[in-house]
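Engineer: Can you read through this structure? Questions will come right after.
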Amino acid sequence: MEPKTIVLDEIDLQIMRILQKNAKLTTKELADAVHLTPTPVFERQKRLERHGYIRKYMAVLDPEKLNQGLLVFCKVKLKQINHELADAFARRIQRIPEVTECYNTSGQYDYLLKVRAANMKQYQEFVLNKLGDIENLSSLESIFVMSEVKNIHGINVC
């Protein structure tokens with residue numbers, strides 16, 4: 001049985017940096033990039049996956065081309081919060097496709113939602129018909145994104 005945590009070396013970090021930029025690389029291309037043969041690189045990659053360092057592989061889609069160009073950050077405050085209400089809110093949010101990310105936060109608001117919509121009308125319908133149906137909702141504040149300055153779709157691998 002493998003330990004729950006593993007020691008990462010520079011090659012592991014390099015593999016993760018490279019895969020964040022292009023997860024479509026073949027094992028051979030990845031091996032060439034880190035100057036190893038394919039077999040140890042394949043084994044390292046599988047180990048990183050098993051231990052949860054690499055959670056999944058995905059394509060980054062263009063929201064404009066898919067008619068989801070309006071990006072809104074929605075700050076949500078609930079009337080009351082406890083484990084049961086927080087779990088119920090989280091389950092509800094999981095079922096709403098317009099919400100692409102949801103964070104439980106500290107401060108004035110309880111949650112920060114990242115919402116995609118085609119336009120302002122569709123966002124208004126989302127607020128009225130989906131968020132508006134949540135009984136425990138106290139207030140919300142919408143922040144409309146005018147332009148995206150940086151989005152690397154990854155983390156800084158040190």
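So you can find residues: chains in the structure tokens are A, B, ... in the order shown, residues in each start at 1, and ligands are numbered from 1 in order.
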Apply DSSP to the structure's backbone, then extract all residues of region 17-94 of chain A labelled helix (DSSP H, G or I) and return them as a CSV table (one decimal) with all heavy atoms, in the first residue's frame.
Structural biologist:
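And here's selection_27.csv as it stands now:
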chain,number,residue,atom,x,y,z
A,17,ARG,N,3.7,21.0,-14.5
A,17,ARG,CA,3.7,22.3,-15.2
A,17,ARG,C,3.4,22.1,-16.7
A,17,ARG,O,2.6,22.9,-17.3
A,17,ARG,CB,5.1,23.0,-15.1
A,17,ARG,CG,5.3,23.7,-13.8
A,17,ARG,CD,6.7,24.5,-13.8
A,17,ARG,NE,7.2,24.5,-12.5
A,17,ARG,CZ,8.3,23.8,-12.1
A,17,ARG,NH1,9.0,23.0,-13.0
A,17,ARG,NH2,8.7,23.8,-10.9
A,18,ILE,N,4.1,21.2,-17.3
A,18,ILE,CA,3.9,20.9,-18.8
A,18,ILE,C,2.5,20.5,-19.1
A,18,ILE,O,1.9,20.9,-20.0
A,18,ILE,CB,5.0,19.9,-19.2
A,18,ILE,CG1,6.4,20.5,-19.2
A,18,ILE,CG2,4.6,19.4,-20.6
A,18,ILE,CD1,7.5,19.5,-19.3
A,19,LEU,N,1.9,19.6,-18.3
A,19,LEU,CA,0.6,19.1,-18.5
A,19,LEU,C,-0.5,20.1,-18.3
A,19,LEU,O,-1.5,20.1,-19.0
A,19,LEU,CB,0.3,17.9,-17.6
A,19,LEU,CG,1.0,16.6,-18.0
A,19,LEU,CD1,0.7,15.5,-16.9
A,19,LEU,CD2,0.6,16.1,-19.4
A,20,GLN,N,-0.2,21.1,-17.4
A,20,GLN,CA,-1.2,22.2,-17.3
A,20,GLN,C,-1.2,23.0,-18.5
A,20,GLN,O,-2.3,23.6,-18.9
A,20,GLN,CB,-0.8,23.1,-16.1
A,20,GLN,CG,-1.3,22.7,-14.8
A,20,GLN,CD,-1.2,23.8,-13.7
A,20,GLN,OE1,-2.1,24.0,-13.0
A,20,GLN,NE2,-0.1,24.5,-13.6
A,21,LYS,N,-0.1,23.1,-19.2
A,21,LYS,CA,-0.1,23.9,-20.5
A,21,LYS,C,-0.7,23.1,-21.7
A,21,LYS,O,-1.3,23.7,-22.6
A,21,LYS,CB,1.3,24.4,-20.8
A,21,LYS,CG,1.9,25.4,-19.8
A,21,LYS,CD,3.3,25.8,-20.2
A,21,LYS,CE,3.8,26.7,-19.1
A,21,LYS,NZ,5.2,26.9,-19.2
A,27,THR,N,2.8,10.4,-24.0
A,27,THR,CA,3.9,10.1,-23.0
A,27,THR,C,5.3,10.3,-23.6
A,27,THR,O,6.1,10.8,-22.9
A,27,THR,CB,3.7,8.6,-22.5
A,27,THR,OG1,2.4,8.5,-22.0
A,27,THR,CG2,4.7,8.3,-21.4
A,28,LYS,N,5.4,10.0,-24.8
A,28,LYS,CA,6.8,10.2,-25.5
A,28,LYS,C,7.1,11.7,-25.5
A,28,LYS,O,8.2,12.1,-25.2
A,28,LYS,CB,6.8,9.6,-26.8
A,28,LYS,CG,8.1,9.8,-27.5
A,28,LYS,CD,8.4,9.0,-28.7
A,28,LYS,CE,9.7,9.2,-29.4
A,28,LYS,NZ,10.7,10.1,-28.8
A,29,GLU,N,6.2,12.5,-25.9
A,29,GLU,CA,6.4,14.0,-26.0
A,29,GLU,C,6.7,14.5,-24.6
A,29,GLU,O,7.6,15.3,-24.4
A,29,GLU,CB,5.2,14.7,-26.6
A,29,GLU,CG,5.0,14.4,-28.1
A,29,GLU,CD,3.7,14.9,-28.6
A,29,GLU,OE1,2.7,14.9,-27.9
A,29,GLU,OE2,3.7,15.3,-29.8
A,30,LEU,N,6.0,14.1,-23.6
A,30,LEU,CA,6.2,14.5,-22.2
A,30,LEU,C,7.6,14.0,-21.8
A,30,LEU,O,8.3,14.8,-21.1
A,30,LEU,CB,5.1,14.0,-21.3
A,30,LEU,CG,5.1,14.4,-19.9
A,30,LEU,CD1,5.0,15.9,-19.8
A,30,LEU,CD2,3.9,13.8,-19.2
A,31,ALA,N,7.9,12.8,-22.1
A,31,ALA,CA,9.2,12.2,-21.7
A,31,ALA,C,10.4,13.1,-22.3
A,31,ALA,O,11.4,13.4,-21.7
A,31,ALA,CB,9.3,10.8,-22.1
A,32,ASP,N,10.2,13.4,-23.6
A,32,ASP,CA,11.2,14.2,-24.3
A,32,ASP,C,11.4,15.6,-23.6
A,32,ASP,O,12.5,16.1,-23.4
A,32,ASP,CB,10.9,14.4,-25.7
A,32,ASP,CG,11.0,13.2,-26.6
A,32,ASP,OD1,11.7,12.2,-26.1
A,32,ASP,OD2,10.5,13.1,-27.7
A,33,ALA,N,10.3,16.2,-23.2
A,33,ALA,CA,10.3,17.5,-22.5
A,33,ALA,C,11.0,17.5,-21.2
A,33,ALA,O,11.6,18.5,-20.8
A,33,ALA,CB,8.9,18.0,-22.4
A,34,VAL,N,10.9,16.3,-20.5
A,34,VAL,CA,11.6,16.3,-19.1
A,34,VAL,C,12.9,15.4,-19.2
A,34,VAL,O,13.5,15.2,-18.2
A,34,VAL,CB,10.7,15.7,-18.0
A,34,VAL,CG1,9.5,16.6,-17.8
A,34,VAL,CG2,10.2,14.3,-18.3
A,38,PRO,N,10.0,7.2,-21.8
A,38,PRO,CA,8.5,7.2,-21.6
A,38,PRO,C,8.1,6.4,-20.4
A,38,PRO,O,7.2,6.8,-19.7
A,38,PRO,CB,8.0,6.6,-22.9
A,38,PRO,CG,9.0,7.0,-23.9
A,38,PRO,CD,10.3,6.9,-23.2
A,39,THR,N,8.7,5.2,-20.1
A,39,THR,CA,8.2,4.4,-19.0
A,39,THR,C,8.2,5.1,-17.7
A,39,THR,O,7.2,5.1,-17.0
A,39,THR,CB,9.0,3.0,-19.0
A,39,THR,OG1,8.7,2.3,-20.2
A,39,THR,CG2,8.5,2.1,-17.8
A,40,PRO,N,9.4,5.6,-17.2
A,40,PRO,CA,9.3,6.3,-15.9
A,40,PRO,C,8.4,7.5,-15.9
A,40,PRO,O,7.8,7.8,-14.9
A,40,PRO,CB,10.8,6.7,-15.6
A,40,PRO,CG,11.5,6.5,-16.9
A,40,PRO,CD,10.7,5.6,-17.8
A,41,VAL,N,8.3,8.2,-17.0
A,41,VAL,CA,7.4,9.4,-17.1
A,41,VAL,C,5.9,8.9,-16.9
A,41,VAL,O,5.1,9.5,-16.2
A,41,VAL,CB,7.6,10.2,-18.4
A,41,VAL,CG1,6.5,11.2,-18.6
A,41,VAL,CG2,8.9,10.9,-18.3
A,42,PHE,N,5.6,7.8,-17.6
A,42,PHE,CA,4.2,7.2,-17.5
A,42,PHE,C,3.9,6.9,-16.1
A,42,PHE,O,2.9,7.1,-15.5
A,42,PHE,CB,4.1,6.0,-18.4
A,42,PHE,CG,2.8,5.3,-18.4
A,42,PHE,CD1,1.7,5.8,-19.0
A,42,PHE,CD2,2.6,4.2,-17.6
A,42,PHE,CE1,0.4,5.2,-18.9
A,42,PHE,CE2,1.4,3.5,-17.5
A,42,PHE,CZ,0.3,4.0,-18.2
A,43,GLU,N,4.9,6.2,-15.4
A,43,GLU,CA,4.7,5.8,-14.0
A,43,GLU,C,4.6,7.0,-13.1
A,43,GLU,O,3.7,6.9,-12.2
A,43,GLU,CB,5.9,4.9,-13.6
A,43,GLU,CG,5.9,3.5,-14.3
A,43,GLU,CD,7.2,2.7,-14.1
A,43,GLU,OE1,8.1,3.2,-13.4
A,43,GLU,OE2,7.2,1.6,-14.6
A,44,ARG,N,5.3,8.0,-13.3
A,44,ARG,CA,5.2,9.2,-12.5
A,44,ARG,C,3.9,9.9,-12.7
A,44,ARG,O,3.2,10.3,-11.7
A,44,ARG,CB,6.3,10.2,-12.9
A,44,ARG,CG,7.7,9.9,-12.3
A,44,ARG,CD,8.7,10.8,-12.9
A,44,ARG,NE,10.1,10.6,-12.4
A,44,ARG,CZ,10.6,11.3,-11.4
A,44,ARG,NH1,10.0,12.3,-10.8
A,44,ARG,NH2,11.8,11.0,-11.0
A,45,GLN,N,3.4,10.0,-13.9
A,45,GLN,CA,2.1,10.6,-14.2
A,45,GLN,C,1.0,9.8,-13.5
A,45,GLN,O,0.1,10.4,-12.9
A,45,GLN,CB,1.9,10.7,-15.7
A,45,GLN,CG,0.7,11.5,-16.1
A,45,GLN,CD,0.6,11.6,-17.6
A,45,GLN,OE1,1.5,11.3,-18.4
A,45,GLN,NE2,-0.6,12.1,-18.0
A,46,LYS,N,1.0,8.5,-13.6
A,46,LYS,CA,0.0,7.7,-13.0
A,46,LYS,C,0.1,7.8,-11.5
A,46,LYS,O,-1.0,7.9,-10.8
A,46,LYS,CB,0.2,6.2,-13.4
A,46,LYS,CG,-0.2,5.9,-14.8
A,46,LYS,CD,-1.6,6.4,-15.1
A,46,LYS,CE,-1.9,6.4,-16.6
A,46,LYS,NZ,-3.1,7.2,-16.9
A,47,ARG,N,1.3,7.9,-10.9
A,47,ARG,CA,1.4,8.1,-9.4
A,47,ARG,C,0.8,9.4,-9.0
A,47,ARG,O,0.1,9.5,-8.0
A,47,ARG,CB,2.9,8.0,-9.0
A,47,ARG,CG,3.1,8.0,-7.5
A,47,ARG,CD,4.5,8.0,-7.1
A,47,ARG,NE,4.9,9.4,-7.2
A,47,ARG,CZ,6.1,9.8,-7.7
A,47,ARG,NH1,6.9,9.0,-8.2
A,47,ARG,NH2,6.3,11.1,-7.7
A,48,LEU,N,1.1,10.5,-9.8
A,48,LEU,CA,0.5,11.8,-9.5
A,48,LEU,C,-1.0,11.8,-9.6
A,48,LEU,O,-1.7,12.5,-8.8
A,48,LEU,CB,1.1,12.9,-10.5
A,48,LEU,CG,2.6,13.2,-10.3
A,48,LEU,CD1,3.1,14.0,-11.5
A,48,LEU,CD2,2.9,13.9,-9.0
A,49,GLU,N,-1.5,11.0,-10.5
A,49,GLU,CA,-3.0,10.9,-10.6
A,49,GLU,C,-3.6,10.1,-9.4
A,49,GLU,O,-4.6,10.6,-8.8
A,49,GLU,CB,-3.4,10.2,-11.9
A,49,GLU,CG,-3.1,11.0,-13.2
A,49,GLU,CD,-3.2,10.1,-14.5
A,49,GLU,OE1,-3.6,8.9,-14.4
A,49,GLU,OE2,-2.9,10.7,-15.5
A,50,ARG,N,-2.9,9.0,-9.1
A,50,ARG,CA,-3.4,8.2,-8.0
A,50,ARG,C,-3.5,9.0,-6.7
A,50,ARG,O,-4.3,8.8,-5.8
A,50,ARG,CB,-2.5,7.0,-7.8
A,50,ARG,CG,-2.9,5.7,-8.4
A,50,ARG,CD,-2.1,4.5,-7.9
A,50,ARG,NE,-0.7,4.7,-7.6
A,50,ARG,CZ,0.3,4.6,-8.5
A,50,ARG,NH1,0.0,4.4,-9.8
A,50,ARG,NH2,1.5,4.8,-8.1
A,83,HIS,N,-24.8,23.8,9.1
A,83,HIS,CA,-24.4,22.7,8.2
A,83,HIS,C,-25.5,22.2,7.3
A,83,HIS,O,-25.3,22.0,6.1
A,83,HIS,CB,-23.9,21.5,9.1
A,83,HIS,CG,-22.5,21.7,9.6
A,83,HIS,ND1,-21.4,21.7,8.8
A,83,HIS,CD2,-22.1,21.9,10.9
A,83,HIS,CE1,-20.3,21.9,9.5
A,83,HIS,NE2,-20.7,22.0,10.8
A,84,GLU,N,-26.7,22.0,7.8
A,84,GLU,CA,-27.8,21.5,7.0
A,84,GLU,C,-28.1,22.5,5.9
A,84,GLU,O,-28.3,22.1,4.7
A,84,GLU,CB,-29.0,21.3,7.9
A,84,GLU,CG,-30.2,20.7,7.2
A,84,GLU,CD,-31.4,20.5,8.1
A,84,GLU,OE1,-31.2,20.1,9.3
A,84,GLU,OE2,-32.5,20.7,7.7
A,85,LEU,N,-28.2,23.8,6.2
A,85,LEU,CA,-28.6,24.8,5.2
A,85,LEU,C,-27.4,24.9,4.1
A,85,LEU,O,-27.7,25.1,3.0
A,85,LEU,CB,-28.9,26.1,5.8
A,85,LEU,CG,-30.1,26.1,6.7
A,85,LEU,CD1,-30.2,27.4,7.5
A,85,LEU,CD2,-31.4,25.9,5.9
A,86,ALA,N,-26.2,24.9,4.6
A,86,ALA,CA,-25.0,25.0,3.7
A,86,ALA,C,-25.0,23.8,2.8
A,86,ALA,O,-24.8,23.9,1.6
A,86,ALA,CB,-23.7,25.1,4.5
A,87,ASP,N,-25.3,22.6,3.3
A,87,ASP,CA,-25.3,21.4,2.4
A,87,ASP,C,-26.5,21.5,1.4
A,87,ASP,O,-26.3,21.1,0.2
A,87,ASP,CB,-25.5,20.1,3.3
A,87,ASP,CG,-24.2,19.8,4.1
A,87,ASP,OD1,-23.1,20.3,3.8
A,87,ASP,OD2,-24.3,19.0,5.0
A,88,ALA,N,-27.6,22.0,1.8
A,88,ALA,CA,-28.8,22.1,0.9
A,88,ALA,C,-28.4,23.1,-0.2
A,88,ALA,O,-28.8,22.9,-1.3
A,88,ALA,CB,-30.0,22.5,1.7
A,89,PHE,N,-27.8,24.2,0.2
A,89,PHE,CA,-27.4,25.3,-0.8
A,89,PHE,C,-26.4,24.7,-1.8
A,89,PHE,O,-26.6,24.8,-3.0
A,89,PHE,CB,-26.8,26.5,-0.1
A,89,PHE,CG,-26.4,27.6,-1.1
A,89,PHE,CD1,-27.4,28.4,-1.6
A,89,PHE,CD2,-25.1,27.7,-1.5
A,89,PHE,CE1,-27.0,29.4,-2.5
A,89,PHE,CE2,-24.7,28.7,-2.4
A,89,PHE,CZ,-25.7,29.6,-2.9
A,90,ALA,N,-25.4,24.0,-1.3
A,90,ALA,CA,-24.4,23.4,-2.2
A,90,ALA,C,-25.0,22.4,-3.1
A,90,ALA,O,-24.7,22.3,-4.3
A,90,ALA,CB,-23.3,22.7,-1.3
A,91,ARG,N,-26.0,21.5,-2.6
A,91,ARG,CA,-26.6,20.5,-3.5
A,91,ARG,C,-27.4,21.3,-4.6
A,91,ARG,O,-27.4,20.9,-5.8
A,91,ARG,CB,-27.5,19.6,-2.7
A,91,ARG,CG,-26.8,18.5,-2.0
A,91,ARG,CD,-27.8,17.5,-1.4
A,91,ARG,NE,-28.8,18.0,-0.6
A,91,ARG,CZ,-28.7,18.3,0.7
A,91,ARG,NH1,-27.6,18.1,1.4
A,91,ARG,NH2,-29.7,18.8,1.4
A,92,ARG,N,-28.1,22.3,-4.2
A,92,ARG,CA,-28.9,23.1,-5.2
A,92,ARG,C,-28.0,23.7,-6.3
A,92,ARG,O,-28.3,23.6,-7.5
A,92,ARG,CB,-29.7,24.2,-4.4
A,92,ARG,CG,-30.6,25.0,-5.2
A,92,ARG,CD,-32.0,24.2,-5.3
A,92,ARG,NE,-32.9,25.0,-6.0
A,92,ARG,CZ,-33.9,25.7,-5.4
A,92,ARG,NH1,-34.1,25.6,-4.1
A,92,ARG,NH2,-34.8,26.4,-6.1
A,93,ILE,N,-26.9,24.3,-5.8
A,93,ILE,CA,-26.0,25.0,-6.8
A,93,ILE,C,-25.4,24.0,-7.7
A,93,ILE,O,-25.2,24.3,-8.9
A,93,ILE,CB,-24.9,25.8,-6.0
A,93,ILE,CG1,-25.5,27.0,-5.3
A,93,ILE,CG2,-23.8,26.2,-6.9
A,93,ILE,CD1,-26.2,28.0,-6.2
A,94,GLN,N,-25.1,22.8,-7.2
A,94,GLN,CA,-24.5,21.7,-8.1
A,94,GLN,C,-25.4,21.4,-9.3
A,94,GLN,O,-25.0,21.0,-10.4
A,94,GLN,CB,-24.3,20.4,-7.3
A,94,GLN,CG,-23.3,20.5,-6.3
A,94,GLN,CD,-21.9,20.5,-6.8
A,94,GLN,OE1,-21.6,20.1,-8.0
A,94,GLN,NE2,-20.9,21.1,-6.1
Engineer: Write out as a ChimeraX atom specification each polymer residue whose atoms come within 10 Å of Val115 (chain A), counting only C-alpha atoms; drop sequence neighbours fewer than 3 positions from it.
Structural biologist: /A:68,70-74,96-102,112,123,126,142,144
Engineer: Output N, CA, C and O atoms for every residue in that selection, as an mmCIF file, in the first residue's frame.
Structural biologist:
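See result_22.cif below for the written result:
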data_model
loop_
_atom_site.group_PDB
_atom_site.id
_atom_site.type_symbol
_atom_site.label_atom_id
_atom_site.label_comp_id
_atom_site.auth_asym_id
_atom_site.auth_seq_id
_atom_site.Cartn_x
_atom_site.Cartn_y
_atom_site.Cartn_z
ATOM 1 N N GLN A 68 -21.875 31.971 -24.473
ATOM 2 C CA GLN A 68 -21.859 32.109 -23.013
ATOM 3 C C GLN A 68 -20.884 33.219 -22.630
ATOM 4 O O GLN A 68 -20.112 33.089 -21.680
ATOM 5 N N LEU A 70 -21.234 36.284 -21.374
ATOM 6 C CA LEU A 70 -21.411 37.125 -20.194
ATOM 7 C C LEU A 70 -20.905 36.368 -18.977
ATOM 8 O O LEU A 70 -21.386 35.279 -18.662
ATOM 9 N N LEU A 71 -19.916 36.945 -18.309
ATOM 10 C CA LEU A 71 -19.354 36.358 -17.093
ATOM 11 C C LEU A 71 -19.714 37.248 -15.919
ATOM 12 O O LEU A 71 -19.470 38.457 -15.948
ATOM 13 N N VAL A 72 -20.300 36.636 -14.889
ATOM 14 C CA VAL A 72 -20.749 37.378 -13.718
ATOM 15 C C VAL A 72 -20.258 36.668 -12.464
ATOM 16 O O VAL A 72 -20.356 35.438 -12.356
ATOM 17 N N PHE A 73 -19.726 37.444 -11.531
ATOM 18 C CA PHE A 73 -19.443 36.933 -10.200
ATOM 19 C C PHE A 73 -20.592 37.396 -9.319
ATOM 20 O O PHE A 73 -20.896 38.584 -9.272
ATOM 21 N N CYS A 74 -21.230 36.454 -8.687
ATOM 22 C CA CYS A 74 -22.421 36.744 -7.898
ATOM 23 C C CYS A 74 -22.132 36.425 -6.434
ATOM 24 O O CYS A 74 -21.851 35.276 -6.083
ATOM 25 N N ILE A 96 -27.320 23.589 -10.961
ATOM 26 C CA ILE A 96 -27.568 24.759 -11.815
ATOM 27 C C ILE A 96 -26.415 24.897 -12.813
ATOM 28 O O ILE A 96 -25.300 25.249 -12.434
ATOM 29 N N PRO A 97 -26.659 24.617 -14.097
ATOM 30 C CA PRO A 97 -25.562 24.607 -15.075
ATOM 31 C C PRO A 97 -24.905 25.964 -15.306
ATOM 32 O O PRO A 97 -23.733 26.025 -15.676
ATOM 33 N N GLU A 98 -25.626 27.048 -15.111
ATOM 34 C CA GLU A 98 -25.037 28.378 -15.332
ATOM 35 C C GLU A 98 -23.926 28.691 -14.327
ATOM 36 O O GLU A 98 -23.043 29.481 -14.599
ATOM 37 N N VAL A 99 -23.981 28.055 -13.154
ATOM 38 C CA VAL A 99 -22.948 28.257 -12.132
ATOM 39 C C VAL A 99 -21.795 27.312 -12.449
ATOM 40 O O VAL A 99 -21.926 26.098 -12.344
ATOM 41 N N THR A 100 -20.665 27.883 -12.852
ATOM 42 C CA THR A 100 -19.510 27.061 -13.214
ATOM 43 C C THR A 100 -18.553 26.871 -12.050
ATOM 44 O O THR A 100 -17.769 25.931 -12.045
ATOM 45 N N GLU A 101 -18.603 27.753 -11.063
ATOM 46 C CA GLU A 101 -17.787 27.620 -9.864
ATOM 47 C C GLU A 101 -18.564 28.202 -8.690
ATOM 48 O O GLU A 101 -19.334 29.144 -8.862
ATOM 49 N N CYS A 102 -18.331 27.647 -7.507
ATOM 50 C CA CYS A 102 -18.983 28.144 -6.295
ATOM 51 C C CYS A 102 -18.017 27.996 -5.136
ATOM 52 O O CYS A 102 -17.439 26.923 -4.937
ATOM 53 N N LEU A 112 -19.496 32.837 -3.194
ATOM 54 C CA LEU A 112 -19.161 33.540 -4.426
ATOM 55 C C LEU A 112 -19.402 32.565 -5.568
ATOM 56 O O LEU A 112 -18.820 31.478 -5.604
ATOM 57 N N TYR A 123 -29.141 36.202 -17.890
ATOM 58 C CA TYR A 123 -28.686 36.300 -16.503
ATOM 59 C C TYR A 123 -29.851 36.727 -15.590
ATOM 60 O O TYR A 123 -30.011 36.194 -14.499
ATOM 61 N N PHE A 126 -31.920 33.771 -14.921
ATOM 62 C CA PHE A 126 -31.210 32.916 -13.966
ATOM 63 C C PHE A 126 -31.428 33.419 -12.532
ATOM 64 O O PHE A 126 -31.762 32.648 -11.635
ATOM 65 N N SER A 142 -24.300 41.289 -7.907
ATOM 66 C CA SER A 142 -23.714 40.826 -9.160
ATOM 67 C C SER A 142 -22.590 41.750 -9.590
ATOM 68 O O SER A 142 -22.744 42.967 -9.590
ATOM 69 N N PHE A 144 -20.335 42.310 -12.904
ATOM 70 C CA PHE A 144 -20.255 41.957 -14.315
ATOM 71 C C PHE A 144 -18.839 42.175 -14.827
ATOM 72 O O PHE A 144 -18.270 43.248 -14.669
#
Engineer: Mind checking DSSP for chain A and telling me the strand (DSSP E or B) residues as a PyMOL selection string?
Structural biologist: chain A and resi 70-78+99-104+111-117+137-144
